[in-house]
Amino acid sequence: MKTTSTPRTATTSTRRTASHANTLPAKTLPGRRPRRGRIIASALAYLITFVILLPLLWIMLLSFQTNENILAHPFSLSDLSLANYRQALETLDLMVMYKNTLILAVFSVTIGLVISYMAAFALTRMVFRSGRRGVQNATRYYLLAGLAVPVYILLFPVYRLDIALGLFGTHAALILPYIAVSIPFNILLLTGFLREFPEEIEQAAVIDGVGLWSMAWKVVFPLMRPVVATLAILNVIYVWNEFPFAVTLINKPELTTVSLGISQFQGVYSVNYGAMMASATLVLVPQLIIYAVFQRQVISGMTAGAIR
């Protein structure tokens, strides 16, 4: 009898435990909280994406409306036409604008990245003769301080320098400021990556007899492609959208940039909003395509120094 009563008691207790588990509140069941967290995170991500895309979608909607309709009914979906795009294409010489912007982007981004990389390599991987890091840190902080300087403060000094050097109204008048403005942010990302760069790779290269120049450009630089690609994309987008320097230092129609061409639809007493929105759309679409194609490189480059 004792041998048969023990299994029954165990079976009864097991059933009670199972029934008690089934009656537990839903919030205490495993897996519910992580699932709710993912749902909330996804909802916030979609909400932020919608908030970011809403102005872009609105600009595209306004580009198909007349000037009167934009002022009276900006959210209306009636009377949509391509007249604004025809006017923008007839008024703006897009090929010249794209060519000038491409020239500025290629020269300023290339030279700026080379200078920034050489400075970042010297500040993080080399030792000065004094043997102290204070000089290197002070130089790094001095270069990073450029991030706190607004562009509008630099307009007048740069304008006077271009006049004195005879560069006003040329491509060089914009290339040099673009290089100077890009260096602080480039050094910020490059130094952050190089500080986490494994020293064992450089030590192995030194044992193999690699010189300093080859060390910088043949050993370290190829491993920094994610960061370099990210900086190149961000700098190109900056040059593409830059307006204060362009409107101040360019006085020739044949040197008009993409961002400067949009302002041609704004007069002294009137503004052609429809054509302006159409031209803005023509400027935004290439940027969105570039970012959509290289978004993985941008994300990996921005997080490369943090995950190493």
# chains A, B, ... in the order shown; residues from 1 in each chain; ligands from 1
>>> select_by_dssp(residues="stretch 47-148 of chain A", states="helix (DSSP H, G or I)", output="MDAnalysis selection string")
chainID A and resid 47:62 67:72 83:91 94:125 134:148
>>> residues_around(residues="stretch 162-177 of chain A", least_positions_apart="5", cutoff="7 Å", atoms="only C-alpha atoms", output="list in words")
Leu104, Phe107, Ser108, Phe245, Ala246, Leu249, Ile250, Asn251 and Lys252 of chain A
>>> closest_residue(among="A:Val285, A:Met118, A:Leu47, A:Val96", to="A:Thr256", atoms="only C-alpha atoms")
A:Val96
>>> closest_residue(among="A:Ala120, A:Val127, A:Leu155, A:Ile111", to="A:Phe221", atoms="only C-alpha atoms")
A:Ala120
>>> residues_around(residues="A:Asn69", least_positions_apart="2", cutoff="12 Å", atoms="only C-alpha atoms", output="PyMOL selection string")
chain A and resi 61-67+71-81+272-274
>>> residues_around(residues="A:Thr281", least_positions_apart="3", cutoff="10 Å", atoms="only C-alpha atoms", output="NGL selection string")
:A and (56-57 or 59-63 or 85 or 275-278 or 284-286)
>>> closest_residue(among="A:Ile187, A:Leu113, A:Leu53, A:Ala232", to="A:Tyr141", atoms="only C-alpha atoms")
A:Ile187
>>> residues_around(residues="A:Thr139", least_positions_apart="2", cutoff="12 Å", atoms="only C-alpha atoms", output="VMD selection string")
chain A and resid 119 to 120 122 to 124 128 133 to 137 141 to 146 184 187
>>> write_last_selection(atoms="C-alpha atoms", output="compact mmCIF listing (two decimals), in the first residue's frame")
# COMPACT_ATOMS: atom_id res chain seq x y z
CA ALA A 119 47.38 64.19 -38.36
CA ALA A 120 45.40 61.48 -36.54
CA ALA A 122 50.77 61.32 -35.72
CA LEU A 123 48.65 62.18 -32.68
CA THR A 124 47.88 58.58 -31.71
CA PHE A 128 57.27 63.17 -29.95
CA ARG A 133 51.77 62.97 -24.40
CA GLY A 134 50.85 66.47 -23.27
CA VAL A 135 51.84 68.11 -26.55
CA GLN A 136 49.92 65.55 -28.58
CA ASN A 137 46.82 65.84 -26.41
CA TYR A 141 42.14 69.26 -28.36
CA TYR A 142 43.10 72.33 -30.38
CA LEU A 143 42.00 70.64 -33.61
CA LEU A 144 38.81 69.31 -32.03
CA ALA A 145 37.97 72.81 -30.81
CA GLY A 146 37.10 73.60 -34.43
CA PRO A 184 38.01 68.54 -36.80
CA ILE A 187 40.16 63.72 -36.60
>>> closest_residue(among="A:Val149, A:Ile262, A:Val220, A:Ile179", to="A:Ser116", atoms="only C-alpha atoms")
A:Ile179
>>> residues_around(residues="A:Leu94", least_positions_apart="6", cutoff="12 Å", atoms="only C-alpha atoms", output="ChimeraX atom specification")
/A:85,88,100-102,253-262,279-280,282-283
>>> write_last_selection(atoms="N, CA, C and O atoms", output="mmCIF file, in the first residue's frame")
data_model
loop_
_atom_site.group_PDB
_atom_site.id
_atom_site.type_symbol
_atom_site.label_atom_id
_atom_site.label_comp_id
_atom_site.auth_asym_id
_atom_site.auth_seq_id
_atom_site.Cartn_x
_atom_site.Cartn_y
_atom_site.Cartn_z
ATOM 1 N N TYR A 85 8.659 71.112 -61.962
ATOM 2 C CA TYR A 85 9.876 70.417 -62.396
ATOM 3 C C TYR A 85 10.319 70.902 -63.771
ATOM 4 O O TYR A 85 11.522 71.042 -64.026
ATOM 5 N N ALA A 88 11.959 74.210 -63.146
ATOM 6 C CA ALA A 88 13.263 74.043 -62.506
ATOM 7 C C ALA A 88 14.310 73.574 -63.506
ATOM 8 O O ALA A 88 15.446 74.070 -63.513
ATOM 9 N N ASN A 100 30.125 71.207 -60.924
ATOM 10 C CA ASN A 100 30.844 72.044 -59.967
ATOM 11 C C ASN A 100 30.838 71.424 -58.570
ATOM 12 O O ASN A 100 31.865 71.404 -57.874
ATOM 13 N N THR A 101 29.693 70.907 -58.147
ATOM 14 C CA THR A 101 29.613 70.286 -56.829
ATOM 15 C C THR A 101 30.484 69.044 -56.757
ATOM 16 O O THR A 101 31.132 68.784 -55.733
ATOM 17 N N LEU A 102 30.533 68.272 -57.839
ATOM 18 C CA LEU A 102 31.367 67.073 -57.867
ATOM 19 C C LEU A 102 32.850 67.423 -57.794
ATOM 20 O O LEU A 102 33.622 66.760 -57.086
ATOM 21 N N PRO A 253 28.026 82.710 -62.517
ATOM 22 C CA PRO A 253 26.983 81.699 -62.771
ATOM 23 C C PRO A 253 27.551 80.351 -63.184
ATOM 24 O O PRO A 253 26.959 79.311 -62.872
ATOM 25 N N GLU A 254 28.693 80.351 -63.870
ATOM 26 C CA GLU A 254 29.252 79.073 -64.330
ATOM 27 C C GLU A 254 29.843 78.252 -63.185
ATOM 28 O O GLU A 254 30.209 77.093 -63.384
ATOM 29 N N LEU A 255 29.966 78.838 -61.994
ATOM 30 C CA LEU A 255 30.492 78.113 -60.835
ATOM 31 C C LEU A 255 29.401 77.793 -59.810
ATOM 32 O O LEU A 255 29.703 77.401 -58.681
ATOM 33 N N THR A 256 28.151 77.939 -60.199
ATOM 34 C CA THR A 256 27.043 77.713 -59.271
ATOM 35 C C THR A 256 27.012 76.259 -58.808
ATOM 36 O O THR A 256 27.146 75.338 -59.622
ATOM 37 N N THR A 257 26.831 76.061 -57.512
ATOM 38 C CA THR A 257 26.716 74.720 -56.946
ATOM 39 C C THR A 257 25.245 74.312 -56.847
ATOM 40 O O THR A 257 24.344 75.101 -57.141
ATOM 41 N N VAL A 258 25.012 73.089 -56.406
ATOM 42 C CA VAL A 258 23.644 72.570 -56.320
ATOM 43 C C VAL A 258 22.836 73.340 -55.290
ATOM 44 O O VAL A 258 21.698 73.757 -55.542
ATOM 45 N N SER A 259 23.412 73.533 -54.111
ATOM 46 C CA SER A 259 22.678 74.241 -53.060
ATOM 47 C C SER A 259 22.463 75.710 -53.416
ATOM 48 O O SER A 259 21.436 76.295 -53.054
ATOM 49 N N LEU A 260 23.407 76.311 -54.117
ATOM 50 C CA LEU A 260 23.272 77.710 -54.501
ATOM 51 C C LEU A 260 22.232 77.904 -55.598
ATOM 52 O O LEU A 260 21.591 78.949 -55.672
ATOM 53 N N GLY A 261 22.036 76.894 -56.434
ATOM 54 C CA GLY A 261 21.067 77.023 -57.515
ATOM 55 C C GLY A 261 19.636 77.094 -57.023
ATOM 56 O O GLY A 261 18.786 77.724 -57.663
ATOM 57 N N ILE A 262 19.340 76.475 -55.884
ATOM 58 C CA ILE A 262 17.969 76.505 -55.362
ATOM 59 C C ILE A 262 17.551 77.925 -54.995
ATOM 60 O O ILE A 262 16.385 78.301 -55.137
ATOM 61 N N SER A 279 13.184 71.913 -57.172
ATOM 62 C CA SER A 279 14.647 71.878 -57.230
ATOM 63 C C SER A 279 15.236 71.252 -55.972
ATOM 64 O O SER A 279 16.247 70.542 -56.037
ATOM 65 N N ALA A 280 14.615 71.496 -54.811
ATOM 66 C CA ALA A 280 15.082 70.858 -53.582
ATOM 67 C C ALA A 280 14.930 69.345 -53.653
ATOM 68 O O ALA A 280 15.785 68.592 -53.168
ATOM 69 N N LEU A 282 15.073 67.575 -56.411
ATOM 70 C CA LEU A 282 16.130 67.100 -57.302
ATOM 71 C C LEU A 282 17.476 67.038 -56.590
ATOM 72 O O LEU A 282 18.343 66.233 -56.960
ATOM 73 N N VAL A 283 17.661 67.875 -55.576
ATOM 74 C CA VAL A 283 18.903 67.853 -54.809
ATOM 75 C C VAL A 283 18.876 66.752 -53.750
ATOM 76 O O VAL A 283 19.889 66.113 -53.468
#
>>> closest_residue(among="A:Tyr159, A:Tyr178, A:Tyr152, A:Phe193", to="A:Val106", atoms="only C-alpha atoms")
A:Tyr178
